[in-house]
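Peer 1: Contents of target.cif (mmCIF, C-alpha atoms) are below:
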data_upload
loop_
_atom_site.group_PDB
_atom_site.id
_atom_site.type_symbol
_atom_site.label_atom_id
_atom_site.label_comp_id
_atom_site.auth_asym_id
_atom_site.auth_seq_id
_atom_site.Cartn_x
_atom_site.Cartn_y
_atom_site.Cartn_z
ATOM 1 C CA MET A 40 83.757 111.545 86.739
ATOM 2 C CA PHE A 41 84.351 107.905 87.682
ATOM 3 C CA THR A 42 80.961 107.890 89.372
ATOM 4 C CA ALA A 43 79.144 109.100 86.246
ATOM 5 C CA VAL A 44 80.937 106.592 84.031
ATOM 6 C CA ILE A 45 80.290 103.632 86.305
ATOM 7 C CA TRP A 46 76.586 104.492 86.714
ATOM 8 C CA GLY A 47 76.340 104.862 82.941
ATOM 9 C CA VAL A 48 78.013 101.512 82.291
ATOM 10 C CA ALA A 49 75.938 99.749 84.957
ATOM 11 C CA GLY A 50 72.714 101.295 83.623
ATOM 12 C CA LEU A 51 73.533 100.420 80.028
ATOM 13 C CA GLY A 52 74.470 96.897 81.103
ATOM 14 C CA LEU A 53 71.158 96.454 82.894
ATOM 15 C CA VAL A 54 69.161 97.687 79.883
ATOM 16 C CA LEU A 55 71.031 95.407 77.457
ATOM 17 C CA SER A 56 70.771 92.483 79.842
ATOM 18 C CA TRP A 57 67.016 93.077 80.313
ATOM 19 C CA ALA A 58 66.508 93.192 76.555
ATOM 20 C CA LYS A 59 68.314 89.889 76.062
ATOM 21 C CA ASN A 60 67.306 87.837 79.065
ATOM 22 C CA ARG A 61 64.927 88.864 81.841
ATOM 23 C CA GLU A 62 65.752 85.903 84.079
ATOM 24 C CA LYS A 63 69.481 86.591 84.128
ATOM 25 C CA THR A 64 68.845 90.263 84.791
ATOM 26 C CA ARG A 65 66.619 89.388 87.747
ATOM 27 C CA GLN A 66 69.429 87.149 89.002
ATOM 28 C CA ALA A 67 71.914 90.025 88.711
ATOM 29 C CA LEU A 68 69.623 92.360 90.648
ATOM 30 C CA GLN A 69 69.150 89.778 93.388
ATOM 31 C CA PHE A 70 72.942 89.491 93.634
ATOM 32 C CA PHE A 71 73.096 93.277 93.981
ATOM 33 C CA GLU A 72 70.417 93.341 96.689
ATOM 34 C CA ARG A 73 72.048 90.585 98.766
ATOM 35 C CA ALA A 74 75.522 92.107 98.540
ATOM 36 C CA PHE A 75 74.362 95.631 99.264
ATOM 37 C CA LEU A 76 72.301 94.709 102.331
ATOM 38 C CA SER A 77 75.111 92.628 103.799
ATOM 39 C CA LEU A 78 77.648 95.435 103.270
ATOM 40 C CA ALA A 79 75.605 98.442 104.396
ATOM 41 C CA PRO A 80 76.097 98.165 108.205
ATOM 42 C CA SER A 81 79.893 97.708 107.899
ATOM 43 C CA ILE A 82 80.080 100.661 105.535
ATOM 44 C CA VAL A 83 78.265 102.946 107.947
ATOM 45 C CA ALA A 84 80.581 101.812 110.783
ATOM 46 C CA ILE A 85 83.721 102.412 108.702
ATOM 47 C CA ILE A 86 82.599 105.830 107.555
ATOM 48 C CA TRP A 87 81.609 106.943 111.025
ATOM 49 C CA THR A 88 85.079 105.944 112.289
ATOM 50 C CA ILE A 89 86.677 107.911 109.445
ATOM 51 C CA GLY A 90 84.627 110.917 110.564
ATOM 52 C CA PHE A 91 86.160 110.702 114.040
ATOM 53 C CA ILE A 92 89.709 110.184 112.812
ATOM 54 C CA LEU A 93 89.646 113.026 110.310
ATOM 55 C CA THR A 94 88.087 115.357 112.875
ATOM 56 C CA PHE A 95 90.498 114.673 115.714
ATOM 57 C CA LEU A 96 93.670 113.855 113.769
ATOM 58 C CA PRO A 97 94.238 116.471 111.055
ATOM 59 C CA SER A 98 96.638 115.234 108.369
ATOM 60 C CA GLU A 99 98.511 118.540 108.209
ATOM 61 C CA PHE A 100 99.467 118.221 111.858
ATOM 62 C CA VAL A 101 100.567 114.586 111.729
ATOM 63 C CA LEU A 102 102.476 114.751 108.455
ATOM 64 C CA GLY A 103 104.056 118.032 109.470
ATOM 65 C CA THR A 104 105.455 116.605 112.673
ATOM 66 C CA ILE A 105 106.636 113.218 111.424
ATOM 67 C CA GLY A 106 107.781 114.265 107.963
ATOM 68 C CA ARG A 107 110.651 116.448 109.022
ATOM 69 C CA ASN A 108 112.603 114.715 111.751
ATOM 70 C CA ALA A 109 113.864 111.850 109.587
ATOM 71 C CA GLY A 110 114.754 108.738 111.542
ATOM 72 C CA ILE A 111 113.522 105.243 110.873
ATOM 73 C CA MET A 112 110.718 105.615 113.424
ATOM 74 C CA GLY A 113 109.460 108.682 111.567
ATOM 75 C CA VAL A 114 109.205 106.663 108.362
ATOM 76 C CA VAL A 115 107.364 103.845 110.134
ATOM 77 C CA ILE A 116 104.933 106.311 111.720
ATOM 78 C CA ALA A 117 104.350 107.955 108.338
ATOM 79 C CA ALA A 118 103.592 104.507 106.890
ATOM 80 C CA ALA A 119 101.248 103.707 109.779
ATOM 81 C CA PHE A 120 99.461 107.014 109.304
ATOM 82 C CA GLY A 121 99.043 106.331 105.590
ATOM 83 C CA SER A 122 97.589 102.919 106.420
ATOM 84 C CA ILE A 123 94.892 104.351 108.635
ATOM 85 C CA VAL A 124 93.646 107.430 106.847
ATOM 86 C CA LEU A 125 91.556 107.445 103.714
ATOM 87 C CA ILE A 126 92.409 110.620 101.843
ATOM 88 C CA PRO A 127 91.651 110.976 98.140
ATOM 89 C CA ALA A 128 94.797 111.281 95.990
ATOM 90 C CA PHE A 129 93.851 114.757 94.806
ATOM 91 C CA ILE A 130 94.218 115.993 98.384
ATOM 92 C CA ALA A 131 97.090 113.734 99.484
ATOM 93 C CA PHE A 132 99.514 114.488 96.623
ATOM 94 C CA PRO A 133 99.444 118.301 96.928
ATOM 95 C CA LEU A 134 99.748 117.934 100.706
ATOM 96 C CA ALA A 135 102.738 115.598 100.363
ATOM 97 C CA ALA A 136 104.293 117.964 97.813
ATOM 98 C CA SER A 137 104.060 120.919 100.183
ATOM 99 C CA PHE A 138 105.856 118.927 102.898
ATOM 100 C CA LEU A 139 108.568 117.836 100.475
ATOM 101 C CA ARG A 140 109.112 121.486 99.520
ATOM 102 C CA GLN A 141 109.430 122.358 103.194
ATOM 103 C CA GLY A 142 112.250 119.846 103.472
ATOM 104 C CA ALA A 143 110.407 116.753 104.705
ATOM 105 C CA ASP A 144 112.119 113.367 104.504
ATOM 106 C CA VAL A 145 111.564 111.759 101.084
ATOM 107 C CA ARG A 146 111.335 108.355 102.761
ATOM 108 C CA GLY A 147 108.517 109.418 105.050
ATOM 109 C CA ILE A 148 106.556 110.945 102.179
ATOM 110 C CA ALA A 149 107.115 107.876 99.951
ATOM 111 C CA ALA A 150 106.061 105.548 102.777
ATOM 112 C CA PHE A 151 102.961 107.638 103.458
ATOM 113 C CA VAL A 152 101.861 107.806 99.803
ATOM 114 C CA THR A 153 102.459 104.073 99.258
ATOM 115 C CA THR A 154 100.582 102.835 102.331
ATOM 116 C CA LEU A 155 97.861 105.399 101.684
ATOM 117 C CA VAL A 156 96.957 103.645 98.438
ATOM 118 C CA MET A 157 97.889 100.035 99.242
ATOM 119 C CA VAL A 158 97.072 99.471 102.917
ATOM 120 C CA GLY A 159 93.565 100.030 104.257
ATOM 121 C CA VAL A 160 93.071 99.467 107.959
ATOM 122 C CA LEU A 161 89.652 101.120 107.945
ATOM 123 C CA THR A 162 88.435 99.244 104.898
ATOM 124 C CA ALA A 163 89.807 95.945 106.268
ATOM 125 C CA PRO A 164 86.406 94.882 107.705
ATOM 126 C CA LEU A 165 85.009 95.225 104.181
ATOM 127 C CA GLU A 166 87.939 93.296 102.693
ATOM 128 C CA VAL A 167 87.412 90.532 105.271
ATOM 129 C CA LYS A 168 83.796 90.193 104.153
ATOM 130 C CA PHE A 169 84.952 89.408 100.630
ATOM 131 C CA PHE A 170 88.272 87.613 101.047
ATOM 132 C CA GLY A 171 88.402 86.399 104.633
ATOM 133 C CA ARG A 172 90.557 87.367 107.585
ATOM 134 C CA ARG A 173 93.733 85.584 106.555
ATOM 135 C CA PHE A 174 93.935 87.084 103.078
ATOM 136 C CA THR A 175 93.157 90.577 104.372
ATOM 137 C CA LEU A 176 95.734 90.415 107.155
ATOM 138 C CA LEU A 177 98.441 89.043 104.861
ATOM 139 C CA ARG A 178 97.748 91.417 101.958
ATOM 140 C CA ASN A 179 97.839 94.468 104.192
ATOM 141 C CA SER A 180 100.906 93.348 106.172
ATOM 142 C CA PHE A 181 102.896 92.481 103.040
ATOM 143 C CA SER A 182 101.884 95.801 101.475
ATOM 144 C CA PHE A 183 102.971 97.664 104.611
ATOM 145 C CA VAL A 184 106.396 96.010 104.620
ATOM 146 C CA MET A 185 106.842 96.586 100.879
ATOM 147 C CA ALA A 186 105.926 100.251 101.354
ATOM 148 C CA LEU A 187 108.775 100.576 103.853
ATOM 149 C CA VAL A 188 111.174 98.808 101.478
ATOM 150 C CA ILE A 189 110.109 101.113 98.625
ATOM 151 C CA ALA A 190 110.524 104.149 100.888
ATOM 152 C CA PHE A 191 114.054 103.239 101.968
ATOM 153 C CA ILE A 192 115.167 102.463 98.418
ATOM 154 C CA MET A 193 113.744 105.803 97.295
ATOM 155 C CA GLY A 194 115.592 107.502 100.127
ATOM 156 C CA GLU A 195 118.857 106.064 98.834
ATOM 157 C CA VAL A 196 118.202 106.879 95.167
ATOM 158 C CA LEU A 197 116.777 110.392 95.583
ATOM 159 C CA ARG A 198 119.264 111.502 98.191
ATOM 160 C CA MET B 279 82.106 87.761 112.458
ATOM 161 C CA LYS B 280 80.324 85.368 114.821
ATOM 162 C CA ILE B 281 79.251 87.753 117.553
ATOM 163 C CA LYS B 282 77.472 90.866 116.400
ATOM 164 C CA VAL B 283 80.606 92.968 115.959
ATOM 165 C CA VAL B 284 79.168 95.538 113.600
ATOM 166 C CA PRO B 285 76.123 96.481 115.728
ATOM 167 C CA ALA B 286 78.452 96.731 118.753
ATOM 168 C CA ILE B 287 80.785 99.065 116.868
ATOM 169 C CA LEU B 288 77.843 101.145 115.649
ATOM 170 C CA ALA B 289 76.537 101.466 119.222
ATOM 171 C CA THR B 290 80.011 102.525 120.438
ATOM 172 C CA LEU B 291 80.267 105.118 117.683
ATOM 173 C CA ALA B 292 76.812 106.480 118.545
ATOM 174 C CA ALA B 293 77.775 106.735 122.218
ATOM 175 C CA ALA B 294 81.085 108.424 121.356
ATOM 176 C CA THR B 295 79.258 110.916 119.154
ATOM 177 C CA LEU B 296 76.801 111.749 121.945
ATOM 178 C CA LEU B 297 79.659 112.205 124.438
ATOM 179 C CA THR B 298 81.479 114.460 121.997
ATOM 180 C CA TRP B 299 78.260 116.401 121.478
ATOM 181 C CA ALA B 300 77.986 116.961 125.232
ATOM 182 C CA SER B 301 81.463 118.472 125.568
ATOM 183 C CA ARG B 302 82.231 119.856 122.101
ATOM 184 C CA PRO B 303 79.130 120.191 119.912
ATOM 185 C CA ASP B 304 81.235 121.704 117.102
ATOM 186 C CA LYS B 305 83.471 118.615 116.962
ATOM 187 C CA ALA B 306 80.469 116.274 116.957
ATOM 188 C CA LEU B 307 79.033 118.223 114.038
ATOM 189 C CA ALA B 308 82.375 117.983 112.224
ATOM 190 C CA VAL B 309 82.409 114.197 112.737
ATOM 191 C CA LEU B 310 78.902 113.874 111.311
ATOM 192 C CA SER B 311 79.553 116.192 108.389
ATOM 193 C CA VAL B 312 82.786 114.393 107.374
ATOM 194 C CA SER B 313 80.988 111.048 107.726
ATOM 195 C CA LYS B 314 78.102 112.301 105.605
ATOM 196 C CA ASP B 315 80.482 113.325 102.793
ATOM 197 C CA TYR B 316 82.179 109.929 102.760
ATOM 198 C CA LEU B 317 78.855 108.101 103.040
ATOM 199 C CA PHE B 318 77.542 109.877 99.948
ATOM 200 C CA GLU B 319 80.772 109.084 98.125
ATOM 201 C CA MET B 320 80.542 105.388 98.943
ATOM 202 C CA LEU B 321 76.824 105.224 98.204
ATOM 203 C CA SER B 322 77.408 106.824 94.827
ATOM 204 C CA ILE B 323 80.025 104.225 93.849
ATOM 205 C CA LEU B 324 79.083 100.892 95.410
ATOM 206 C CA PRO B 325 75.604 100.310 93.911
ATOM 207 C CA PRO B 326 76.712 100.470 90.246
ATOM 208 C CA VAL B 327 79.791 98.361 91.050
ATOM 209 C CA LEU B 328 77.615 95.720 92.693
ATOM 210 C CA ILE B 329 75.158 95.834 89.773
ATOM 211 C CA LEU B 330 78.058 95.210 87.375
ATOM 212 C CA CYS B 331 79.225 92.322 89.574
ATOM 213 C CA GLY B 332 75.705 90.909 89.478
ATOM 214 C CA LEU B 333 75.628 91.154 85.677
ATOM 215 C CA PHE B 334 79.087 89.599 85.494
ATOM 216 C CA ASP B 335 77.896 86.810 87.762
ATOM 217 C CA ALA B 336 74.834 86.115 85.633
ATOM 218 C CA TRP B 337 76.365 86.437 82.164
ATOM 219 C CA VAL B 338 80.033 85.455 82.203
ATOM 220 C CA SER B 339 80.681 81.735 82.378
ATOM 221 C CA LYS B 340 83.091 80.146 84.787
ATOM 222 C CA GLN B 341 84.952 78.509 81.927
ATOM 223 C CA THR B 342 85.696 81.865 80.291
ATOM 224 C CA VAL B 343 87.182 83.400 83.432
ATOM 225 C CA GLU B 344 89.089 80.217 84.212
ATOM 226 C CA ARG B 345 90.560 80.131 80.716
ATOM 227 C CA LEU B 346 91.517 83.825 80.728
ATOM 228 C CA MET B 347 92.669 84.286 84.329
ATOM 229 C CA GLY B 348 92.810 80.842 85.947
ATOM 230 C CA GLU B 349 95.773 78.866 87.266
ATOM 231 C CA ALA B 350 96.817 77.830 83.754
ATOM 232 C CA SER B 351 96.465 81.274 82.179
ATOM 233 C CA GLY B 352 100.137 82.200 82.748
ATOM 234 C CA ILE B 353 101.518 85.630 81.911
ATOM 235 C CA GLY B 354 98.467 86.360 79.769
ATOM 236 C CA GLY B 355 96.139 86.036 82.762
ATOM 237 C CA THR B 356 98.372 88.222 84.930
ATOM 238 C CA SER B 357 98.533 90.840 82.163
ATOM 239 C CA ILE B 358 94.732 90.916 82.018
ATOM 240 C CA ALA B 359 94.594 91.310 85.814
ATOM 241 C CA PHE B 360 97.147 94.119 85.608
ATOM 242 C CA LEU B 361 95.278 95.902 82.822
ATOM 243 C CA LEU B 362 91.913 95.581 84.589
ATOM 244 C CA GLY B 363 93.491 97.217 87.636
ATOM 245 C CA THR B 364 95.100 100.150 85.836
ATOM 246 C CA VAL B 365 92.119 101.242 83.771
ATOM 247 C CA ALA B 366 89.942 101.468 86.876
ATOM 248 C CA MET B 367 89.526 104.775 88.644
ATOM 249 C CA GLY B 368 87.487 104.076 91.757
ATOM 250 C CA PRO B 369 88.635 103.568 95.347
ATOM 251 C CA LEU B 370 89.985 100.210 96.527
ATOM 252 C CA TYR B 371 86.783 99.149 98.256
ATOM 253 C CA ALA B 372 85.066 99.186 94.856
ATOM 254 C CA ALA B 373 87.595 96.573 93.714
ATOM 255 C CA PHE B 374 86.761 94.099 96.500
ATOM 256 C CA PRO B 375 83.433 92.854 95.057
ATOM 257 C CA ILE B 376 84.959 92.700 91.562
ATOM 258 C CA GLY B 377 87.990 90.723 92.752
ATOM 259 C CA LYS B 378 85.734 88.381 94.695
ATOM 260 C CA SER B 379 83.547 87.775 91.617
ATOM 261 C CA LEU B 380 86.670 86.974 89.568
ATOM 262 C CA LEU B 381 87.902 84.586 92.269
ATOM 263 C CA ASP B 382 84.529 82.832 92.481
ATOM 264 C CA LYS B 383 84.516 82.420 88.717
ATOM 265 C CA GLY B 384 87.847 80.629 88.712
ATOM 266 C CA ALA B 385 90.522 83.322 88.385
ATOM 267 C CA SER B 386 93.694 82.346 90.249
ATOM 268 C CA LEU B 387 94.431 83.868 93.646
ATOM 269 C CA PHE B 388 97.706 85.259 92.293
ATOM 270 C CA ASN B 389 95.894 87.099 89.500
ATOM 271 C CA VAL B 390 93.180 88.425 91.811
ATOM 272 C CA ALA B 391 95.868 89.676 94.225
ATOM 273 C CA VAL B 392 97.653 91.419 91.337
ATOM 274 C CA PHE B 393 94.339 92.950 90.260
ATOM 275 C CA LEU B 394 93.600 94.287 93.764
ATOM 276 C CA CYS B 395 97.082 95.700 94.377
ATOM 277 C CA VAL B 396 97.320 97.302 90.935
ATOM 278 C CA TRP B 397 93.860 98.826 91.371
ATOM 279 C CA ALA B 398 95.060 100.254 94.703
ATOM 280 C CA ALA B 399 98.449 101.553 93.621
ATOM 281 C CA ILE B 400 98.745 102.045 89.859
ATOM 282 C CA LYS B 401 95.908 103.918 88.271
ATOM 283 C CA ILE B 402 96.923 105.887 85.218
ATOM 284 C CA PRO B 403 95.168 109.164 86.163
ATOM 285 C CA MET B 404 96.662 108.871 89.656
ATOM 286 C CA VAL B 405 100.195 108.377 88.303
ATOM 287 C CA LEU B 406 99.810 111.494 86.121
ATOM 288 C CA PHE B 407 98.579 113.394 89.142
ATOM 289 C CA GLU B 408 101.532 112.230 91.211
ATOM 290 C CA ILE B 409 103.987 113.295 88.479
ATOM 291 C CA LYS B 410 102.380 116.730 88.433
ATOM 292 C CA PHE B 411 102.677 117.277 92.179
ATOM 293 C CA LEU B 412 105.636 115.215 93.358
ATOM 294 C CA GLY B 413 107.721 115.289 90.188
ATOM 295 C CA ALA B 414 108.482 112.680 87.526
ATOM 296 C CA GLU B 415 111.555 111.411 89.347
ATOM 297 C CA PHE B 416 109.646 110.651 92.560
ATOM 298 C CA ALA B 417 106.503 109.277 90.869
ATOM 299 C CA LEU B 418 108.196 107.101 88.240
ATOM 300 C CA LEU B 419 110.723 105.682 90.699
ATOM 301 C CA ARG B 420 107.893 104.820 93.083
ATOM 302 C CA LEU B 421 106.007 103.229 90.189
ATOM 303 C CA ALA B 422 109.062 101.229 89.080
ATOM 304 C CA LEU B 423 109.452 99.867 92.612
ATOM 305 C CA THR B 424 105.740 99.248 93.102
ATOM 306 C CA VAL B 425 105.354 96.862 90.145
ATOM 307 C CA PRO B 426 107.831 94.221 91.414
ATOM 308 C CA ALA B 427 106.516 94.780 94.962
ATOM 309 C CA ILE B 428 102.991 93.911 93.808
ATOM 310 C CA LEU B 429 104.137 90.754 92.020
ATOM 311 C CA LEU B 430 106.024 89.720 95.152
ATOM 312 C CA ILE B 431 103.019 90.395 97.412
ATOM 313 C CA ALA B 432 100.767 88.374 95.076
ATOM 314 C CA ALA B 433 103.261 85.491 94.985
ATOM 315 C CA LEU B 434 103.536 85.503 98.796
ATOM 316 C CA LEU B 435 99.748 85.553 99.192
ATOM 317 C CA ASN B 436 99.544 82.657 96.768
ATOM 318 C CA THR B 437 102.034 80.467 98.655
ATOM 319 C CA PHE B 438 100.591 81.285 102.077
ATOM 320 C CA ARG B 439 97.129 80.284 100.900
ATOM 321 C CA LEU B 440 98.436 77.006 99.473
ATOM 322 C CA ASN B 441 100.216 76.176 102.714
ATOM 323 C CA THR B 442 97.089 76.621 104.788
ATOM 324 C CA SER B 443 94.950 74.444 102.585
ATOM 325 C CA ARG B 444 97.578 71.712 102.830
ATOM 326 C CA ILE B 445 97.759 71.874 106.626
ATOM 327 C CA GLN B 446 94.031 71.975 107.259
#
Go ahead and express the file in the form of structure tokens.

Peer 2:
Amino acid sequence: MFTAVIWGVAGLGLVLSWAKNREKTRQALQFFERAFLSLAPSIVAIIWTIGFILTFLPSEFVLGTIGRNAGIMGVVIAAAFGSIVLIPAFIAFPLAASFLRQGADVRGIAAFVTTLVMVGVLTAPLEVKFFGRRFTLLRNSFSFVMALVIAFIMGEVLR
Amino acid sequence: MKIKVVPAILATLAAATLLTWASRPDKALAVLSVSKDYLFEMLSILPPVLILCGLFDAWVSKQTVERLMGEASGIGGTSIAFLLGTVAMGPLYAAFPIGKSLLDKGASLFNVAVFLCVWAAIKIPMVLFEIKFLGAEFALLRLALTVPAILLIAALLNTFRLNTSRIQ
């Protein structure tokens, strides 16, 4: 859905741009070519690593073991797990819901969901390419800490 | 990345895949098939995003972005950053080139950080999805806590950046 829309918008943009100004359109395509070629090797490396992690570290297993036995360490591990994996929301939310129903710790689930969306260890090399090491490290660390804060507040409120 | 980190990582991954193949061919196949799925997903999203960034780069003037989202844009600029983040639907890595283009065109670091974090955490379809599966209480409470968290993260990133430029 998103993919179709974004291709449509990009295509339409290119056609309009070409109709108005060929030079600027050529410039835009050169920008695209440069960016794409510089990103491609990192992308392949990231994706290959994801392949290994998802194959040898099934989410069901990890979430199932850390979700239940509360404890602060469990919450931190859940947050760390969420930081590493890249699972689309439409798989992660139902999975998290099934663990909550089985009596998993709300804090662990909240920490996992929050770091899943906000912290990206695997996409960090890509983020570094755009924003530099310092920004990437700080953004991800702050997001990790905030995810823990959010999780513990939620644990208090939803108790 | 001064030394060739990426080629080294790629070589390691290739070696690991071959080793896995030797002991557990089924696992090696699983690795490759999962990787293939994600590769197609990324390749279907990144090219149009980069084309849009290229068009943005060629057509939108620095003055416009600076006026709308620059240091002096105030709450208005942050609201635009917030809105841009929520209406998006793609994965976070699609936001990196867009955020970078905004930054290069004069948007403030605070606003770009807000844009990135909102894109990551608060997408309207995703919130609806979370309500459906985890319940309104869980999803809306998490949302209510995430908004101030994002503003705090952006403010921290902003100050840390300023400090470094002063020291160096």

Peer 1: Write out as CSV the residues of stretch 65-173 of chain A that have any atom within 12 Å of an atom of stretch 355-373 of chain B, one row each with the nearest atom pair and its distance in Å to one decimal, counting all atoms listed in the file, sorted by chain and then rising number.

Peer 2:
residue,atom,partner,partner_atom,distance
A:Leu78,CA,B:Tyr371,CA,11.1
A:Ser81,CA,B:Tyr371,CA,11.9
A:Ile82,CA,B:Tyr371,CA,10.0
A:Ile85,CA,B:Tyr371,CA,11.4
A:Leu125,CA,B:Pro369,CA,9.7
A:Ile126,CA,B:Pro369,CA,10.3
A:Pro127,CA,B:Pro369,CA,8.5
A:Ala128,CA,B:Pro369,CA,9.9
A:Leu155,CA,B:Leu370,CA,10.7
A:Val156,CA,B:Leu370,CA,8.0
A:Met157,CA,B:Leu370,CA,8.4
A:Val158,CA,B:Leu370,CA,9.6
A:Gly159,CA,B:Leu370,CA,8.5
A:Val160,CA,B:Tyr371,CA,11.6
A:Leu161,CA,B:Tyr371,CA,10.3
A:Thr162,CA,B:Tyr371,CA,6.8
A:Ala163,CA,B:Tyr371,CA,9.1
A:Pro164,CA,B:Tyr371,CA,10.4
A:Leu165,CA,B:Tyr371,CA,7.3
A:Glu166,CA,B:Tyr371,CA,7.4
A:Val167,CA,B:Tyr371,CA,11.1
A:Lys168,CA,B:Tyr371,CA,11.1
A:Phe169,CA,B:Tyr371,CA,10.2
A:Phe170,CA,B:Ala373,CA,11.6

Peer 1: Using the chain letters and numbers from this file, what does the PyMOL selection byres ((chain A and resi 151) around 10) select? Give the answer as a PDB file with C-alpha atoms, in the frame of the given file.

Peer 2:
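Contents of result-v4.pdb, as written:
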ATOM      1  CA  LEU A 102     102.476 114.751 108.455  1.00  0.00           C
ATOM      2  CA  GLY A 106     107.781 114.265 107.963  1.00  0.00           C
ATOM      3  CA  VAL A 114     109.205 106.663 108.362  1.00  0.00           C
ATOM      4  CA  VAL A 115     107.364 103.845 110.134  1.00  0.00           C
ATOM      5  CA  ILE A 116     104.933 106.311 111.720  1.00  0.00           C
ATOM      6  CA  ALA A 117     104.350 107.955 108.338  1.00  0.00           C
ATOM      7  CA  ALA A 118     103.592 104.507 106.890  1.00  0.00           C
ATOM      8  CA  ALA A 119     101.248 103.707 109.779  1.00  0.00           C
ATOM      9  CA  PHE A 120      99.461 107.014 109.304  1.00  0.00           C
ATOM     10  CA  GLY A 121      99.043 106.331 105.590  1.00  0.00           C
ATOM     11  CA  SER A 122      97.589 102.919 106.420  1.00  0.00           C
ATOM     12  CA  VAL A 124      93.646 107.430 106.847  1.00  0.00           C
ATOM     13  CA  ALA A 131      97.090 113.734  99.484  1.00  0.00           C
ATOM     14  CA  ALA A 135     102.738 115.598 100.363  1.00  0.00           C
ATOM     15  CA  VAL A 145     111.564 111.759 101.084  1.00  0.00           C
ATOM     16  CA  ARG A 146     111.335 108.355 102.761  1.00  0.00           C
ATOM     17  CA  GLY A 147     108.517 109.418 105.050  1.00  0.00           C
ATOM     18  CA  ILE A 148     106.556 110.945 102.179  1.00  0.00           C
ATOM     19  CA  ALA A 149     107.115 107.876  99.951  1.00  0.00           C
ATOM     20  CA  ALA A 150     106.061 105.548 102.777  1.00  0.00           C
ATOM     21  CA  VAL A 152     101.861 107.806  99.803  1.00  0.00           C
ATOM     22  CA  THR A 153     102.459 104.073  99.258  1.00  0.00           C
ATOM     23  CA  THR A 154     100.582 102.835 102.331  1.00  0.00           C
ATOM     24  CA  LEU A 155      97.861 105.399 101.684  1.00  0.00           C
ATOM     25  CA  VAL A 156      96.957 103.645  98.438  1.00  0.00           C
ATOM     26  CA  ALA A 186     105.926 100.251 101.354  1.00  0.00           C
ATOM     27  CA  LEU A 187     108.775 100.576 103.853  1.00  0.00           C
ATOM     28  CA  ALA A 190     110.524 104.149 100.888  1.00  0.00           C
TER      29      ALA A 190
END

Peer 1: Can I get the residues of chain B within 7 Å of chain A, each with the closest pair of atoms and their distance in Å to one decimal, using only C-alpha atoms, sorted chain first then ascending number, as JSON lines?

Peer 2:
{"residue": "B:Val284", "atom": "CA", "partner": "A:Ser81", "partner_atom": "CA", "distance": 6.1}
{"residue": "B:Ile287", "atom": "CA", "partner": "A:Ala84", "partner_atom": "CA", "distance": 6.7}
{"residue": "B:Leu288", "atom": "CA", "partner": "A:Ala84", "partner_atom": "CA", "distance": 5.6}
{"residue": "B:Lys305", "atom": "CA", "partner": "A:Thr94", "partner_atom": "CA", "distance": 7.0}
{"residue": "B:Ala308", "atom": "CA", "partner": "A:Thr94", "partner_atom": "CA", "distance": 6.3}
{"residue": "B:Val309", "atom": "CA", "partner": "A:Gly90", "partner_atom": "CA", "distance": 4.5}
{"residue": "B:Leu310", "atom": "CA", "partner": "A:Gly90", "partner_atom": "CA", "distance": 6.5}
{"residue": "B:Val312", "atom": "CA", "partner": "A:Gly90", "partner_atom": "CA", "distance": 5.1}
{"residue": "B:Ser313", "atom": "CA", "partner": "A:Gly90", "partner_atom": "CA", "distance": 4.6}
{"residue": "B:Tyr316", "atom": "CA", "partner": "A:Ile86", "partner_atom": "CA", "distance": 6.3}
{"residue": "B:Leu317", "atom": "CA", "partner": "A:Ile86", "partner_atom": "CA", "distance": 6.3}
{"residue": "B:Ser322", "atom": "CA", "partner": "A:Thr42", "partner_atom": "CA", "distance": 6.6}
{"residue": "B:Ile323", "atom": "CA", "partner": "A:Thr42", "partner_atom": "CA", "distance": 5.9}
{"residue": "B:Pro326", "atom": "CA", "partner": "A:Trp46", "partner_atom": "CA", "distance": 5.4}
{"residue": "B:Leu328", "atom": "CA", "partner": "A:Phe71", "partner_atom": "CA", "distance": 5.3}
{"residue": "B:Ile329", "atom": "CA", "partner": "A:Phe71", "partner_atom": "CA", "distance": 5.3}
{"residue": "B:Leu330", "atom": "CA", "partner": "A:Ala49", "partner_atom": "CA", "distance": 5.6}
{"residue": "B:Gly332", "atom": "CA", "partner": "A:Ala67", "partner_atom": "CA", "distance": 4.0}
{"residue": "B:Leu333", "atom": "CA", "partner": "A:Ala67", "partner_atom": "CA", "distance": 4.9}
{"residue": "B:Asp335", "atom": "CA", "partner": "A:Ala67", "partner_atom": "CA", "distance": 6.9}
{"residue": "B:Ala336", "atom": "CA", "partner": "A:Lys63", "partner_atom": "CA", "distance": 5.6}
{"residue": "B:Met367", "atom": "CA", "partner": "A:Phe41", "partner_atom": "CA", "distance": 6.1}
{"residue": "B:Gly368", "atom": "CA", "partner": "A:Phe41", "partner_atom": "CA", "distance": 6.4}
{"residue": "B:Tyr371", "atom": "CA", "partner": "A:Thr162", "partner_atom": "CA", "distance": 6.8}
{"residue": "B:Phe374", "atom": "CA", "partner": "A:Glu166", "partner_atom": "CA", "distance": 6.4}
{"residue": "B:Pro375", "atom": "CA", "partner": "A:Phe169", "partner_atom": "CA", "distance": 6.7}
{"residue": "B:Lys378", "atom": "CA", "partner": "A:Phe169", "partner_atom": "CA", "distance": 6.1}
{"residue": "B:Cys395", "atom": "CA", "partner": "A:Met157", "partner_atom": "CA", "distance": 6.6}
{"residue": "B:Ala398", "atom": "CA", "partner": "A:Met157", "partner_atom": "CA", "distance": 5.4}
{"residue": "B:Ala399", "atom": "CA", "partner": "A:Val156", "partner_atom": "CA", "distance": 5.5}
{"residue": "B:Glu408", "atom": "CA", "partner": "A:Phe132", "partner_atom": "CA", "distance": 6.2}
{"residue": "B:Phe411", "atom": "CA", "partner": "A:Pro133", "partner_atom": "CA", "distance": 5.8}
{"residue": "B:Leu412", "atom": "CA", "partner": "A:Ala136", "partner_atom": "CA", "distance": 5.4}
{"residue": "B:Leu423", "atom": "CA", "partner": "A:Ile189", "partner_atom": "CA", "distance": 6.2}
{"residue": "B:Ala427", "atom": "CA", "partner": "A:Met185", "partner_atom": "CA", "distance": 6.2}
{"residue": "B:Ile431", "atom": "CA", "partner": "A:Phe181", "partner_atom": "CA", "distance": 6.0}
{"residue": "B:Leu435", "atom": "CA", "partner": "A:Leu177", "partner_atom": "CA", "distance": 6.8}
